[in-house]
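Remarks on the structure that follows.
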Amino acid sequence: MVVVQHKVTAIIKNMITPIDPSLLRLLHLVSPSLPIGAFTYSQGLEWAVECDWVKNEAQLLEWIGHLLENSLAQLEIPLLARLYQARDTQDKQAFKDWTYYLLASRETQELRQEERNRGRALASLLPELGIPISTDILPVLKSCQLSGFVYAAQYWHIPLSIAAAGYLWSWLEAIVLAGVKIIPLGQSAGQRILANLSPNIPEIVKCGLQLTDDKIGASCPAQILASSLHETQYTRIYRS
């Protein structure tokens with residue numbers, strides 16, 4: 001019996017691989033419990049549900065899939081890469097320029113305000129997590145949540161592609177949860193959507209990281225219209 005136990009122990013030891021601390025940092029950074037207000041926004045989805053554009057699980061899956069392919073892959077991920085590189089090379093001007101490029105790409109007041117609000121919250125949180133922020137970079141981080149995310153990822157030595165995948169997962173989880181609440185759908189429906197779309201994340205990361213400067217830009221007219229109209233929606237639970 002003792003011999004068998006020793007063999008089992010040896011097998012388990014051979015199966016154990018070292019845990020990269022950067023992975024734990026990424027889990028911390030993308031956690032829905034991170035107090036930056038991600039759960040308070042629907043990015044136009046609430047109005048899309050109100051006007052019956054999105055009424056069920058299949059339509060929610062289509063809506064989110066479209067945003068992944070035509071916004072996240074074409075705008076956020078390539079800009080995440082450029083911000084990461086600028087931070088890595090200590091190019092403060094490039095970091096600032098790409099930050100404001102993203103902010104200018106938010107086509108509604110609601111989406112710009114969300115970016116700023118979440119940016120301010122994250123910029124306030126990072127020093128509490130042990131990440132020092134210089135006074136010259138603080139206004140930049142306060143203006144854009146993605147820049148704060150990249151700043152933390154680079155400081156914690158989270159590899160670029162892994163950070164990009166984490167950012168996508170965090171966005172996907174938040175928007176699925178919003179849809180589940182608004183339509184409403186059951187939690188199982190939300191999990192099915194996550195299971196359906198999450199396998200696309202590696203390809204979206206690959207596409208986004210390979211995009212050249214002249215190709216960067218989102219094209220999501222339905223979301224923009226929905227976000228604009230959500231700003232004056234009479235009854236709503238999500239913020240503008």
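Letters A, B, ... go to the chains of the structure tokens in the order shown; residues in each chain start at 1; ligands are counted from 1 in the same order.
The list of residues with at least one atom within 9 Å of A:Gly217, based on only C-alpha atoms and without residues fewer than 6 positions apart in the same chain, reads Asn70, Ser71, Gln74, Leu75, Glu76 and Ser105 of chain A.
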**Message:** So that I can check the surroundings of stretch 151-155 of chain A, please list as number ranges by chain every protein, DNA and RNA residue that reaches within 9 Å of it, counting only C-alpha atoms and ignoring chain neighbours fewer than 5 positions away.
**Reply:** A: 22, 25-26, 29, 83-85, 87-88, 126, 131, 141, 146, 160, 163
**Message:** Set the distance at 12 Å and use only C-alpha atoms: which residues neighbour A:Gln210 once local chain neighbours fewer than 2 positions away are removed? I'd like the list as a ChimeraX atom specification.
**Reply:** /A:73-75,77-82,161,203-208,212-216
**Asked** Which residue out of A:Ser33, A:Thr235, A:Gln43, A:Asn200 has the minimum interatomic distance to A:Val176 when only C-alpha atoms are used?
**Response** A:Gln43
**Request:** Give the alpha helix (DSSP H) residues of stretch 76-224 of chain A, as DSSP finds them on the backbone, and put them as number ranges by chain.
**Result:** A: 77-88, 92-105, 109-125, 138-142, 145-155, 160-182, 187-197, 201-210, 221-224
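For the choices A:Pro32, A:Leu111, A:Glu50, A:Ser42, the atom-to-atom distance to A:Tyr234 is smallest for A:Glu50 when using only C-alpha atoms.
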**Request:** To one decimal in Å, tell me the separation between atom CA of A:Gln223 and atom CA of A:Gly44.
**Result:** 5.8 Å
